[in-house]
$ cat target-v4.txt   # compact mmCIF, C-alpha atoms and all ligand atoms
# COMPACT_ATOMS: atom_id res chain seq x y z
CA MET A 15 0.00 0.00 0.00
CA SER A 16 1.20 3.53 -0.81
CA VAL A 17 0.90 4.78 2.78
CA THR A 18 1.45 2.46 5.74
CA LEU A 19 0.92 2.58 9.48
CA ASN A 20 4.70 2.93 9.83
CA ASP A 21 4.63 6.07 7.67
CA ILE A 22 1.97 7.50 9.97
CA HIS A 23 3.96 6.69 13.12
CA ALA A 24 7.01 8.33 11.53
CA ALA A 25 4.89 11.38 10.63
CA ALA A 26 3.61 11.67 14.21
CA LYS A 27 7.16 11.76 15.50
CA ARG A 28 8.24 14.32 12.89
CA ILE A 29 5.39 16.78 13.43
CA ARG A 30 5.01 16.42 17.20
CA ALA A 31 6.64 19.75 18.04
CA HIS A 32 4.59 21.64 15.43
CA VAL A 33 0.98 20.55 15.97
CA VAL A 34 -1.28 20.19 18.99
CA GLU A 35 -3.14 17.05 20.06
CA THR A 36 -6.73 18.25 19.86
CA PRO A 37 -9.36 17.30 22.45
CA LEU A 38 -11.94 14.53 22.08
CA LEU A 39 -15.11 15.73 23.83
CA PRO A 40 -18.50 14.06 24.32
CA ASP A 41 -21.59 15.36 22.52
CA GLU A 42 -23.99 15.04 25.46
CA VAL A 43 -27.09 15.99 23.52
CA LEU A 44 -26.58 13.56 20.63
CA SER A 45 -25.40 10.78 22.97
CA ALA A 46 -28.62 11.08 25.01
CA ARG A 47 -30.80 11.28 21.91
CA LEU A 48 -29.20 8.38 20.02
CA GLY A 49 -28.41 6.09 22.96
CA GLN A 50 -24.75 5.63 21.98
CA PRO A 51 -21.68 7.61 23.04
CA ILE A 52 -21.02 10.31 20.42
CA TRP A 53 -17.59 11.95 20.54
CA LEU A 54 -16.30 15.09 18.83
CA LYS A 55 -12.65 15.18 17.75
CA CYS A 56 -12.10 18.94 18.02
CA GLU A 57 -9.53 19.30 15.26
CA TYR A 58 -10.94 22.74 14.44
CA ARG A 59 -8.82 23.84 17.41
CA GLN A 60 -5.64 22.81 15.56
CA THR A 61 -3.16 25.65 14.86
CA THR A 62 -4.34 27.45 11.65
CA GLY A 63 -7.88 26.19 12.38
CA ALA A 64 -7.76 22.87 10.52
CA PHE A 65 -6.05 19.46 10.36
CA LYS A 66 -4.22 20.48 7.15
CA LEU A 67 -1.25 21.59 9.26
CA ARG A 68 -0.48 17.93 10.01
CA GLY A 69 -0.02 16.94 6.36
CA ALA A 70 1.69 20.16 5.27
CA THR A 71 4.21 19.94 8.13
CA ASN A 72 4.95 16.28 7.49
CA ALA A 73 5.44 16.95 3.77
CA LEU A 74 7.90 19.79 4.48
CA LEU A 75 9.84 17.80 7.06
CA SER A 76 10.11 14.90 4.57
CA LEU A 77 11.96 17.07 2.00
CA GLN A 78 15.74 17.17 1.60
CA PRO A 79 17.46 20.38 2.85
CA ARG A 80 18.31 21.40 -0.72
CA ALA A 81 14.68 21.20 -1.80
CA LEU A 82 13.59 23.13 1.29
CA ALA A 83 16.02 25.92 0.48
CA ARG A 84 14.47 26.32 -3.01
CA GLY A 85 11.04 26.72 -1.44
CA VAL A 86 7.58 25.21 -1.73
CA VAL A 87 4.57 26.26 -3.79
CA THR A 88 0.80 25.67 -3.93
CA ALA A 89 -2.28 27.17 -5.54
CA SER A 90 -4.60 26.57 -2.58
CA THR A 91 -6.23 29.61 -0.98
CA GLY A 92 -8.10 27.56 1.59
CA ASN A 93 -7.02 25.66 4.68
CA HIS A 94 -4.14 23.91 2.88
CA GLY A 95 -2.64 27.20 1.68
CA ARG A 96 -2.84 28.60 5.20
CA ALA A 97 -1.32 25.48 6.69
CA LEU A 98 1.53 25.38 4.18
CA ALA A 99 2.33 29.07 4.69
CA HIS A 100 2.30 28.62 8.47
CA ALA A 101 4.42 25.46 8.42
CA ALA A 102 6.91 27.01 5.99
CA ARG A 103 7.33 30.09 8.14
CA ALA A 104 7.78 27.97 11.27
CA LEU A 105 10.55 26.01 9.52
CA GLY A 106 12.15 29.04 7.82
CA VAL A 107 11.29 27.76 4.34
CA PRO A 108 10.19 30.13 1.55
CA ALA A 109 6.57 29.48 0.48
CA THR A 110 4.79 30.78 -2.61
CA VAL A 111 1.04 30.75 -3.17
CA CYS A 112 -0.19 31.27 -6.74
CA LEU A 113 -3.62 32.89 -7.04
CA SER A 114 -5.88 34.08 -9.79
CA ARG A 115 -7.05 37.71 -9.93
CA LEU A 116 -10.49 36.53 -8.81
CA VAL A 117 -9.36 35.68 -5.28
CA PRO A 118 -10.71 38.38 -2.94
CA GLU A 119 -8.29 40.91 -1.46
CA ASN A 120 -8.89 39.80 2.17
CA LYS A 121 -7.76 36.25 1.29
CA VAL A 122 -4.66 37.61 -0.48
CA ARG A 123 -3.82 39.66 2.61
CA ALA A 124 -4.37 36.70 4.95
CA ILE A 125 -1.86 34.61 2.98
CA ARG A 126 0.69 37.47 2.88
CA ASP A 127 0.23 37.92 6.64
CA LEU A 128 1.34 34.30 7.06
CA GLY A 129 4.61 35.24 5.41
CA ALA A 130 4.07 33.58 2.02
CA GLU A 131 4.92 35.22 -1.30
CA VAL A 132 1.73 35.72 -3.29
CA ARG A 133 1.78 35.57 -7.10
CA ILE A 134 -1.33 36.81 -8.82
CA VAL A 135 -1.62 35.31 -12.29
CA GLY A 136 -4.49 35.11 -14.75
CA ALA A 137 -8.20 34.90 -14.18
CA SER A 138 -8.77 31.26 -13.26
CA GLN A 139 -7.64 28.53 -10.91
CA ASP A 140 -6.22 26.71 -13.98
CA GLU A 141 -3.88 29.64 -14.68
CA ALA A 142 -2.79 29.69 -11.03
CA MET A 143 -2.04 25.95 -11.34
CA ALA A 144 -0.04 26.61 -14.51
CA GLU A 145 2.08 29.12 -12.57
CA VAL A 146 2.70 26.44 -9.92
CA ALA A 147 3.96 24.12 -12.68
CA ARG A 148 6.23 26.91 -14.00
CA ALA A 149 7.66 27.59 -10.53
CA VAL A 150 8.43 23.88 -10.17
CA GLU A 151 9.96 23.63 -13.65
CA ARG A 152 11.96 26.87 -13.81
CA GLU A 153 12.69 27.75 -10.20
CA GLY A 154 13.10 24.31 -8.69
CA MET A 155 10.35 24.83 -6.11
CA THR A 156 8.56 21.77 -4.73
CA GLU A 157 4.79 21.61 -5.06
CA ILE A 158 3.04 20.44 -1.91
CA PRO A 159 -0.43 19.37 -3.06
CA PRO A 160 -3.41 19.49 -0.68
CA PHE A 161 -4.17 15.74 -0.59
CA ASP A 162 -2.80 13.50 -3.36
CA HIS A 163 0.65 13.00 -1.84
CA GLU A 164 1.97 10.22 0.42
CA ALA A 165 3.53 12.49 3.06
CA VAL A 166 0.38 14.63 3.22
CA VAL A 167 -1.82 11.55 3.71
CA ALA A 168 0.54 10.17 6.38
CA GLY A 169 0.42 13.53 8.20
CA GLN A 170 -3.40 13.59 8.20
CA GLY A 171 -3.30 9.97 9.38
CA THR A 172 -1.74 11.08 12.67
CA LEU A 173 -5.24 12.17 13.64
CA GLY A 174 -6.21 8.50 13.33
CA LEU A 175 -3.54 7.54 15.86
CA GLU A 176 -5.14 9.90 18.38
CA ILE A 177 -8.62 8.33 18.11
CA ALA A 178 -7.65 4.65 17.66
CA PRO A 179 -7.32 3.96 21.43
CA MET A 180 -11.10 4.65 21.72
CA ASP A 181 -11.73 1.60 19.52
CA PRO A 182 -14.77 3.36 18.02
CA ALA A 183 -17.58 1.49 16.27
CA THR A 184 -17.79 4.24 13.66
CA VAL A 185 -15.73 7.24 12.60
CA LEU A 186 -17.40 9.96 10.52
CA VAL A 187 -14.85 11.76 8.33
CA PRO A 188 -15.42 14.82 6.10
CA LEU A 189 -14.43 13.83 2.55
CA SER A 190 -13.13 15.97 -0.32
CA GLY A 191 -9.84 15.02 -1.97
CA GLY A 192 -9.64 12.16 0.50
CA GLY A 193 -6.33 12.90 2.22
CA LEU A 194 -7.92 13.02 5.66
CA ALA A 195 -10.15 9.98 5.13
CA ALA A 196 -7.34 7.92 3.57
CA GLY A 197 -4.89 8.77 6.36
CA ILE A 198 -7.37 7.97 9.14
CA ALA A 199 -8.44 4.78 7.36
CA VAL A 200 -4.86 3.50 6.99
CA ALA A 201 -4.26 4.08 10.72
CA LEU A 202 -7.54 2.52 11.87
CA ARG A 203 -7.47 -0.49 9.53
CA SER A 204 -4.44 -1.72 11.48
CA LEU A 205 -5.13 -0.35 14.97
CA ALA A 206 -8.93 -0.72 15.20
CA PRO A 207 -9.92 -3.09 12.37
CA GLN A 208 -13.58 -3.38 13.49
CA THR A 209 -14.18 0.36 13.06
CA ARG A 210 -16.55 1.44 10.27
CA ILE A 211 -15.12 4.44 8.43
CA ILE A 212 -17.67 6.60 6.66
CA GLY A 213 -16.84 9.55 4.41
CA LEU A 214 -19.29 12.45 4.37
CA THR A 215 -19.71 15.17 1.81
CA MET A 216 -22.28 17.46 0.19
CA GLU A 217 -24.85 16.27 -2.36
CA SER A 218 -23.68 18.34 -5.31
CA GLY A 219 -20.12 18.79 -6.54
CA ALA A 220 -18.64 15.88 -4.54
CA ALA A 221 -15.82 14.65 -6.77
CA MET A 222 -14.60 11.72 -4.65
CA ALA A 223 -18.14 10.38 -4.17
CA ALA A 224 -18.75 10.55 -7.94
CA SER A 225 -15.35 8.96 -8.64
CA LEU A 226 -15.94 6.08 -6.22
CA ALA A 227 -19.34 5.48 -7.81
CA ALA A 228 -17.79 5.52 -11.32
CA GLY A 229 -14.86 3.30 -10.30
CA HIS A 230 -12.28 5.84 -11.52
CA PRO A 231 -11.49 9.53 -10.96
CA VAL A 232 -14.05 11.78 -12.67
CA GLU A 233 -14.56 15.53 -12.84
CA VAL A 234 -17.73 17.14 -11.51
CA GLY A 235 -19.13 20.64 -11.83
CA GLU A 236 -18.60 22.86 -8.79
CA SER A 237 -21.56 24.28 -6.91
CA PRO A 238 -21.47 26.68 -3.96
CA SER A 239 -21.90 24.90 -0.60
CA LEU A 240 -21.80 25.67 3.10
CA ALA A 241 -19.11 22.98 3.12
CA ASP A 242 -16.83 25.04 0.86
CA SER A 243 -13.70 23.22 2.07
CA LEU A 244 -15.14 20.03 0.53
CA GLY A 245 -15.33 21.49 -3.02
CA GLY A 246 -12.84 20.94 -5.85
CA GLY A 247 -11.80 17.93 -7.89
CA ILE A 248 -9.66 14.93 -6.95
CA GLY A 249 -7.52 15.16 -10.10
CA VAL A 250 -8.11 12.86 -13.09
CA ALA A 251 -4.58 11.54 -12.58
CA ASN A 252 -5.17 10.87 -8.86
CA ARG A 253 -2.59 8.36 -7.64
CA VAL A 254 -2.82 8.07 -3.87
CA THR A 255 -6.12 9.03 -2.30
CA PHE A 256 -8.58 7.51 -4.79
CA PRO A 257 -7.27 3.93 -4.44
CA LEU A 258 -7.01 4.27 -0.64
CA CYS A 259 -10.55 5.63 -0.29
CA ARG A 260 -11.88 2.98 -2.70
CA ASP A 261 -10.23 0.18 -0.72
CA LEU A 262 -10.66 1.42 2.85
CA LEU A 263 -13.88 3.42 3.23
CA ASP A 264 -16.94 1.44 4.27
CA ASP A 265 -19.44 3.95 2.93
CA VAL A 266 -19.93 7.49 1.64
CA VAL A 267 -22.94 9.54 2.74
CA LEU A 268 -24.16 12.72 1.01
CA LEU A 269 -25.77 15.65 2.80
CA THR A 270 -28.06 18.49 1.74
CA GLU A 271 -27.27 22.12 2.48
CA ALA A 272 -30.11 22.21 5.05
CA GLU A 273 -28.62 19.19 6.83
CA ILE A 274 -25.16 20.79 6.87
CA ALA A 275 -26.67 24.01 8.30
CA ALA A 276 -28.39 21.96 11.02
CA GLY A 277 -25.05 20.35 11.85
CA ILE A 278 -23.36 23.76 12.18
CA ARG A 279 -26.23 24.97 14.40
CA HIS A 280 -26.17 21.91 16.65
CA LEU A 281 -22.42 22.25 17.21
CA GLY A 282 -22.65 26.03 17.60
CA ARG A 283 -25.15 25.63 20.45
CA ALA A 284 -22.58 23.51 22.30
CA GLY A 285 -19.91 26.17 21.76
CA HIS A 286 -18.16 24.54 18.78
CA VAL A 287 -17.86 27.23 16.12
CA VAL A 288 -16.97 25.23 13.01
CA GLU A 289 -17.16 25.54 9.24
CA GLY A 290 -19.65 23.55 7.14
CA ALA A 291 -17.12 20.88 6.17
CA ALA A 292 -16.54 20.11 9.85
CA SER A 293 -20.22 19.67 10.65
CA VAL A 294 -21.02 16.83 8.23
CA GLY A 295 -20.62 13.97 10.75
CA THR A 296 -23.01 15.47 13.26
CA ALA A 297 -25.25 16.51 10.34
CA ALA A 298 -25.50 12.86 9.24
CA LEU A 299 -26.35 11.69 12.77
CA LEU A 300 -28.97 14.43 13.21
CA ALA A 301 -30.53 13.59 9.84
CA GLY A 302 -30.66 9.88 10.64
CA LYS A 303 -28.46 9.10 7.61
CA VAL A 304 -25.99 7.23 9.83
CA ALA A 305 -27.27 5.08 12.72
CA PRO A 306 -24.66 4.69 15.46
CA THR A 307 -24.08 1.09 16.57
CA GLY A 308 -21.61 1.95 19.36
CA PRO A 309 -19.13 4.69 20.23
CA THR A 310 -19.04 7.10 17.29
CA ILE A 311 -16.48 9.82 16.58
CA CYS A 312 -17.22 12.86 14.42
CA ILE A 313 -14.13 14.61 13.06
CA LEU A 314 -14.66 18.37 13.41
CA SER A 315 -12.08 19.19 10.75
CA GLY A 316 -11.94 22.98 10.63
CA ALA A 317 -13.01 26.32 12.08
CA ASN A 318 -12.62 28.70 9.16
CA ILE A 319 -16.12 30.04 8.62
CA ASP A 320 -17.04 33.66 7.92
CA PRO A 321 -18.38 34.92 11.30
CA ALA A 322 -21.29 36.72 9.61
CA LEU A 323 -22.33 33.49 7.85
CA HIS A 324 -22.07 31.57 11.13
CA SER A 325 -24.29 34.12 12.90
CA ARG A 326 -26.84 33.93 10.08
CA ILE A 327 -26.99 30.12 10.31
CA MET A 328 -27.30 30.20 14.11
CA ALA A 329 -30.20 32.65 13.83
CA GLU A 330 -32.21 30.43 11.44
CA ALA A 331 -34.98 28.43 13.06
CA ALA A 332 -34.83 24.61 13.11
C1 LIG B 401 -9.44 19.98 3.38
C2 LIG B 401 -10.57 19.87 4.33
C3 LIG B 401 -11.43 18.75 4.36
C4 LIG B 401 -11.31 17.61 3.37
O1 LIG B 401 -10.07 16.99 3.42
P1 LIG B 401 -9.55 16.07 2.20
O2 LIG B 401 -8.27 15.55 2.64
O3 LIG B 401 -9.45 16.98 1.00
O4 LIG B 401 -10.61 15.04 1.99
C5 LIG B 401 -12.39 18.70 5.34
N1 LIG B 401 -12.57 19.69 6.23
C6 LIG B 401 -11.78 20.79 6.23
C7 LIG B 401 -12.03 21.85 7.22
C8 LIG B 401 -10.74 20.91 5.28
O5 LIG B 401 -9.98 22.02 5.29
$ encode --input "target-v4.txt" --output "structure tokens" --more "lines below"
Ligand SMILES: *Cc1c(COP(=O)(O)O)cnc(C)c1O
Amino acid sequence: MSVTLNDIHAAAKRIRAHVVETPLLPDEVLSARLGQPIWLKCEYRQTTGAFKLRGATNALLSLQPRALARGVVTASTGNHGRALAHAARALGVPATVCLSRLVPENKVRAIRDLGAEVRIVGASQDEAMAEVARAVEREGMTEIPPFDHEAVVAGQGTLGLEIAPMDPATVLVPLSGGGLAAGIAVALRSLAPQTRIIGLTMESGAAMAASLAAGHPVEVGESPSLADSLGGGIGVANRVTFPLCRDLLDDVVLLTEAEIAAGIRHLGRAGHVVEGAASVGTAALLAGKVAPTGPTICILSGANIDPALHSRIMAEAA
């Protein structure tokens, strides 16, 4: 297999000084309602507000010193871009983020504030990606992709090591490119082989769900979602995460926007301010789309939601 339990143990050792072990807290309301212990892995409290710091840090620390000196590059403006910029600064490595002109000014500023060089090129994500390829080709930078990369998957898998001692019946994992789900699944398949691992994503624009259904990576149209961190393709040339998700996930469950909003609201009432992508596990339990058969862990993957949007969702009745 492309990523092994040993890789994940090695990653945990490498990144230990750079990430925090996030708390696992009970969801009292859901536990009482569903009659099984429901746990929340509060990874939204990770430095930079999402688990992506685990994979980005492991990928950087896996590079040779000469590659580090030439710098790293990505086109992600989301949680991966933030994580890579943060990890690079912490390690004294130059980081470049390539963006299209369409990326809003506040996002550009946020990335610059993290110490990364920002290159604004063209008017589409494709043109930003082309600039990444040029930086790799001409300047010798190393691209650190958001999910389809062994060291990134191994880094995300360290989260699996932290929940394995619970020997959960079910783990509910937000699913986009599949780096998080693949990493957790590799860890749990060895350490807690009875655990059911379920990927959760939104109904429309879910590339991994469509690819698993088709039996090979496919492209899907993007639609706006409250779970914006779950958007984007998996790459038609996907090497690592598609085969791992195909072989190791027990099921994939799709959620409507109303269900995702209900998940955000439920968590918000308990003091967990999370983004839509992080709420999908609790959303599935609330909607009755997953029936817990024993201790169940929801991975609250990230915190980065616009505060005004969060307030609006909290104010909606339901
Ligand atoms: C990236 C991300 C995901 C999805 O992770 P993949 O590895 O792409 O499947 C889920 N939640 C949050 C908050 C993320 O930033």
$ residues_near_ligand --input "target-v4.txt" --ligand "ligand LIG 401 (chain B)" --cutoff "7 Å" --atoms "all atoms listed in the file" --output "ChimeraX atom specification"
/A:64-66,92-94,160-161,188-195,243-244,289,291-292,315-317
$ closest_residue --input "target-v4.txt" --among "A:Leu299, A:Ala124, A:Ile211, A:Ala26" --to "Arg47 in chain A" --atoms "only C-alpha atoms"
A:Leu299
$ residues_around --input "target-v4.txt" --residues "Glu57 in chain A" --least-positions-apart "2" --cutoff "12 Å" --atoms "all atoms listed in the file" --output "mmCIF file with C-alpha atoms, keeping the file's coordinate frame"
data_model
loop_
_atom_site.group_PDB
_atom_site.id
_atom_site.type_symbol
_atom_site.label_atom_id
_atom_site.label_comp_id
_atom_site.auth_asym_id
_atom_site.auth_seq_id
_atom_site.Cartn_x
_atom_site.Cartn_y
_atom_site.Cartn_z
ATOM 1 C CA VAL A 33 0.980 20.550 15.970
ATOM 2 C CA VAL A 34 -1.280 20.190 18.990
ATOM 3 C CA GLU A 35 -3.140 17.050 20.060
ATOM 4 C CA THR A 36 -6.730 18.250 19.860
ATOM 5 C CA PRO A 37 -9.360 17.300 22.450
ATOM 6 C CA LEU A 38 -11.940 14.530 22.080
ATOM 7 C CA LEU A 39 -15.110 15.730 23.830
ATOM 8 C CA LEU A 54 -16.300 15.090 18.830
ATOM 9 C CA LYS A 55 -12.650 15.180 17.750
ATOM 10 C CA ARG A 59 -8.820 23.840 17.410
ATOM 11 C CA GLN A 60 -5.640 22.810 15.560
ATOM 12 C CA THR A 61 -3.160 25.650 14.860
ATOM 13 C CA THR A 62 -4.340 27.450 11.650
ATOM 14 C CA GLY A 63 -7.880 26.190 12.380
ATOM 15 C CA ALA A 64 -7.760 22.870 10.520
ATOM 16 C CA PHE A 65 -6.050 19.460 10.360
ATOM 17 C CA LYS A 66 -4.220 20.480 7.150
ATOM 18 C CA LEU A 67 -1.250 21.590 9.260
ATOM 19 C CA ARG A 68 -0.480 17.930 10.010
ATOM 20 C CA GLN A 170 -3.400 13.590 8.200
ATOM 21 C CA THR A 172 -1.740 11.080 12.670
ATOM 22 C CA LEU A 173 -5.240 12.170 13.640
ATOM 23 C CA GLY A 174 -6.210 8.500 13.330
ATOM 24 C CA GLU A 176 -5.140 9.900 18.380
ATOM 25 C CA ILE A 177 -8.620 8.330 18.110
ATOM 26 C CA VAL A 187 -14.850 11.760 8.330
ATOM 27 C CA PRO A 188 -15.420 14.820 6.100
ATOM 28 C CA LEU A 194 -7.920 13.020 5.660
ATOM 29 C CA HIS A 286 -18.160 24.540 18.780
ATOM 30 C CA VAL A 287 -17.860 27.230 16.120
ATOM 31 C CA VAL A 288 -16.970 25.230 13.010
ATOM 32 C CA GLU A 289 -17.160 25.540 9.240
ATOM 33 C CA ALA A 291 -17.120 20.880 6.170
ATOM 34 C CA ALA A 292 -16.540 20.110 9.850
ATOM 35 C CA SER A 293 -20.220 19.670 10.650
ATOM 36 C CA ILE A 311 -16.480 9.820 16.580
ATOM 37 C CA CYS A 312 -17.220 12.860 14.420
ATOM 38 C CA ILE A 313 -14.130 14.610 13.060
ATOM 39 C CA LEU A 314 -14.660 18.370 13.410
ATOM 40 C CA SER A 315 -12.080 19.190 10.750
ATOM 41 C CA GLY A 316 -11.940 22.980 10.630
ATOM 42 C CA ALA A 317 -13.010 26.320 12.080
ATOM 43 C CA ASN A 318 -12.620 28.700 9.160
#
$ residues_around --input "target-v4.txt" --residues "Val250 in chain A" --least-positions-apart "3" --cutoff "10 Å" --atoms "only C-alpha atoms" --output "list in words"
Ser225, His230, Pro231, Val232, Glu233, Gly247, Arg253 and Phe256 of chain A
$ closest_residue --input "target-v4.txt" --among "A:Ile22, A:Val150, A:Val132, A:Met143" --to "Gly171 in chain A" --atoms "all atoms listed in the file"
A:Ile22
$ axis_aligned_box --input "target-v4.txt" --around "range 86-92 of chain A" --padding-each-side "8 Å" --output "AutoDock Vina command-line options"
--center_x -0.3 --center_y 27.4 --center_z -2.0 --size_x 31.7 --size_y 20.4 --size_z 23.1
$ atom_distance --input "target-v4.txt" --atom1 "CA of Lys303 in chain A" --atom2 "CA of Ala46 in chain A"
17.5 Å
$ closest_residue --input "target-v4.txt" --among "A:Arg283, A:Pro118, A:Arg103, A:Thr156" --to "Gln78 in chain A" --atoms "all atoms listed in the file"
A:Thr156
$ atom_distance --input "target-v4.txt" --atom1 "CA of Arg96 in chain A" --atom2 "CA of Leu19 in chain A"
26.6 Å
$ residues_around --input "target-v4.txt" --residues "Met155 in chain A" --least-positions-apart "4" --cutoff "10 Å" --atoms "all atoms listed in the file" --output "PDB file with C-alpha atoms, keeping the file's coordinate frame"
ATOM      1  CA  ALA A  81      14.680  21.200  -1.800  1.00  0.00           C
ATOM      2  CA  LEU A  82      13.590  23.130   1.290  1.00  0.00           C
ATOM      3  CA  ALA A  83      16.020  25.920   0.480  1.00  0.00           C
ATOM      4  CA  ARG A  84      14.470  26.320  -3.010  1.00  0.00           C
ATOM      5  CA  GLY A  85      11.040  26.720  -1.440  1.00  0.00           C
ATOM      6  CA  VAL A  86       7.580  25.210  -1.730  1.00  0.00           C
ATOM      7  CA  VAL A  87       4.570  26.260  -3.790  1.00  0.00           C
ATOM      8  CA  THR A  88       0.800  25.670  -3.930  1.00  0.00           C
ATOM      9  CA  PRO A 108      10.190  30.130   1.550  1.00  0.00           C
ATOM     10  CA  ALA A 109       6.570  29.480   0.480  1.00  0.00           C
ATOM     11  CA  THR A 110       4.790  30.780  -2.610  1.00  0.00           C
ATOM     12  CA  VAL A 146       2.700  26.440  -9.920  1.00  0.00           C
ATOM     13  CA  ALA A 147       3.960  24.120 -12.680  1.00  0.00           C
ATOM     14  CA  ARG A 148       6.230  26.910 -14.000  1.00  0.00           C
ATOM     15  CA  ALA A 149       7.660  27.590 -10.530  1.00  0.00           C
ATOM     16  CA  VAL A 150       8.430  23.880 -10.170  1.00  0.00           C
ATOM     17  CA  GLU A 151       9.960  23.630 -13.650  1.00  0.00           C
TER      18      GLU A 151
END
$ residues_around --input "target-v4.txt" --residues "Ile125 in chain A" --least-positions-apart "4" --cutoff "9 Å" --atoms "all atoms listed in the file" --output "list in words"
Thr91, Gly95, Arg96, Ala99, Val111, Asn120, Lys121, Gly129, Ala130, Glu131 and Val132 of chain A
$ closest_residue --input "target-v4.txt" --among "A:Pro182, A:Pro257, A:Gly245, A:Gly106" --to "Ile52 in chain A" --atoms "only C-alpha atoms"
A:Pro182
$ decode --input "target-v4.txt" --residues "range 65-71 of chain A" --atoms "all heavy atoms" --output "PDB file, in the first residue's frame"
ATOM      1  N   PHE A  65      -7.011  20.582  10.317  1.00  0.00           N
ATOM      2  CA  PHE A  65      -6.051  19.458  10.356  1.00  0.00           C
ATOM      3  C   PHE A  65      -4.974  19.566   9.287  1.00  0.00           C
ATOM      4  O   PHE A  65      -3.971  18.848   9.349  1.00  0.00           O
ATOM      5  CB  PHE A  65      -6.801  18.132  10.151  1.00  0.00           C
ATOM      6  CG  PHE A  65      -7.344  17.990   8.767  1.00  0.00           C
ATOM      7  CD1 PHE A  65      -6.571  17.418   7.772  1.00  0.00           C
ATOM      8  CD2 PHE A  65      -8.604  18.476   8.436  1.00  0.00           C
ATOM      9  CE1 PHE A  65      -7.033  17.322   6.468  1.00  0.00           C
ATOM     10  CE2 PHE A  65      -9.083  18.391   7.138  1.00  0.00           C
ATOM     11  CZ  PHE A  65      -8.290  17.808   6.161  1.00  0.00           C
ATOM     12  N   LYS A  66      -5.151  20.419   8.279  1.00  0.00           N
ATOM     13  CA  LYS A  66      -4.220  20.480   7.148  1.00  0.00           C
ATOM     14  C   LYS A  66      -2.778  20.743   7.587  1.00  0.00           C
ATOM     15  O   LYS A  66      -1.840  20.408   6.870  1.00  0.00           O
ATOM     16  CB  LYS A  66      -4.638  21.568   6.151  1.00  0.00           C
ATOM     17  CG  LYS A  66      -5.962  21.334   5.447  1.00  0.00           C
ATOM     18  CD  LYS A  66      -5.811  20.348   4.330  1.00  0.00           C
ATOM     19  CE  LYS A  66      -6.936  20.347   3.304  1.00  0.00           C
ATOM     20  NZ  LYS A  66      -8.300  20.486   3.780  1.00  0.00           N
ATOM     21  N   LEU A  67      -2.602  21.330   8.781  1.00  0.00           N
ATOM     22  CA  LEU A  67      -1.247  21.595   9.260  1.00  0.00           C
ATOM     23  C   LEU A  67      -0.470  20.296   9.463  1.00  0.00           C
ATOM     24  O   LEU A  67       0.754  20.265   9.310  1.00  0.00           O
ATOM     25  CB  LEU A  67      -1.302  22.385  10.581  1.00  0.00           C
ATOM     26  CG  LEU A  67       0.051  22.874  11.088  1.00  0.00           C
ATOM     27  CD1 LEU A  67       0.691  23.845  10.093  1.00  0.00           C
ATOM     28  CD2 LEU A  67      -0.091  23.543  12.455  1.00  0.00           C
ATOM     29  N   ARG A  68      -1.165  19.216   9.781  1.00  0.00           N
ATOM     30  CA  ARG A  68      -0.484  17.934  10.009  1.00  0.00           C
ATOM     31  C   ARG A  68       0.207  17.474   8.719  1.00  0.00           C
ATOM     32  O   ARG A  68       1.400  17.149   8.718  1.00  0.00           O
ATOM     33  CB  ARG A  68      -1.492  16.866  10.454  1.00  0.00           C
ATOM     34  CG  ARG A  68      -2.138  17.156  11.809  1.00  0.00           C
ATOM     35  CD  ARG A  68      -3.257  16.149  12.071  1.00  0.00           C
ATOM     36  NE  ARG A  68      -4.001  16.404  13.299  1.00  0.00           N
ATOM     37  CZ  ARG A  68      -3.764  15.805  14.473  1.00  0.00           C
ATOM     38  NH1 ARG A  68      -2.827  14.875  14.573  1.00  0.00           N
ATOM     39  NH2 ARG A  68      -4.495  16.096  15.533  1.00  0.00           N
ATOM     40  N   GLY A  69      -0.564  17.429   7.628  1.00  0.00           N
ATOM     41  CA  GLY A  69      -0.019  16.939   6.357  1.00  0.00           C
ATOM     42  C   GLY A  69       1.028  17.873   5.780  1.00  0.00           C
ATOM     43  O   GLY A  69       2.070  17.423   5.280  1.00  0.00           O
ATOM     44  N   ALA A  70       0.745  19.187   5.842  1.00  0.00           N
ATOM     45  CA  ALA A  70       1.690  20.158   5.269  1.00  0.00           C
ATOM     46  C   ALA A  70       3.019  20.085   6.013  1.00  0.00           C
ATOM     47  O   ALA A  70       4.100  20.103   5.403  1.00  0.00           O
ATOM     48  CB  ALA A  70       1.105  21.569   5.333  1.00  0.00           C
ATOM     49  N   THR A  71       2.974  19.991   7.343  1.00  0.00           N
ATOM     50  CA  THR A  71       4.206  19.943   8.132  1.00  0.00           C
ATOM     51  C   THR A  71       4.974  18.658   7.846  1.00  0.00           C
ATOM     52  O   THR A  71       6.204  18.681   7.667  1.00  0.00           O
ATOM     53  CB  THR A  71       3.882  20.049   9.639  1.00  0.00           C
ATOM     54  OG1 THR A  71       3.136  21.249   9.866  1.00  0.00           O
ATOM     55  CG2 THR A  71       5.147  20.086  10.476  1.00  0.00           C
TER      56      THR A  71
END
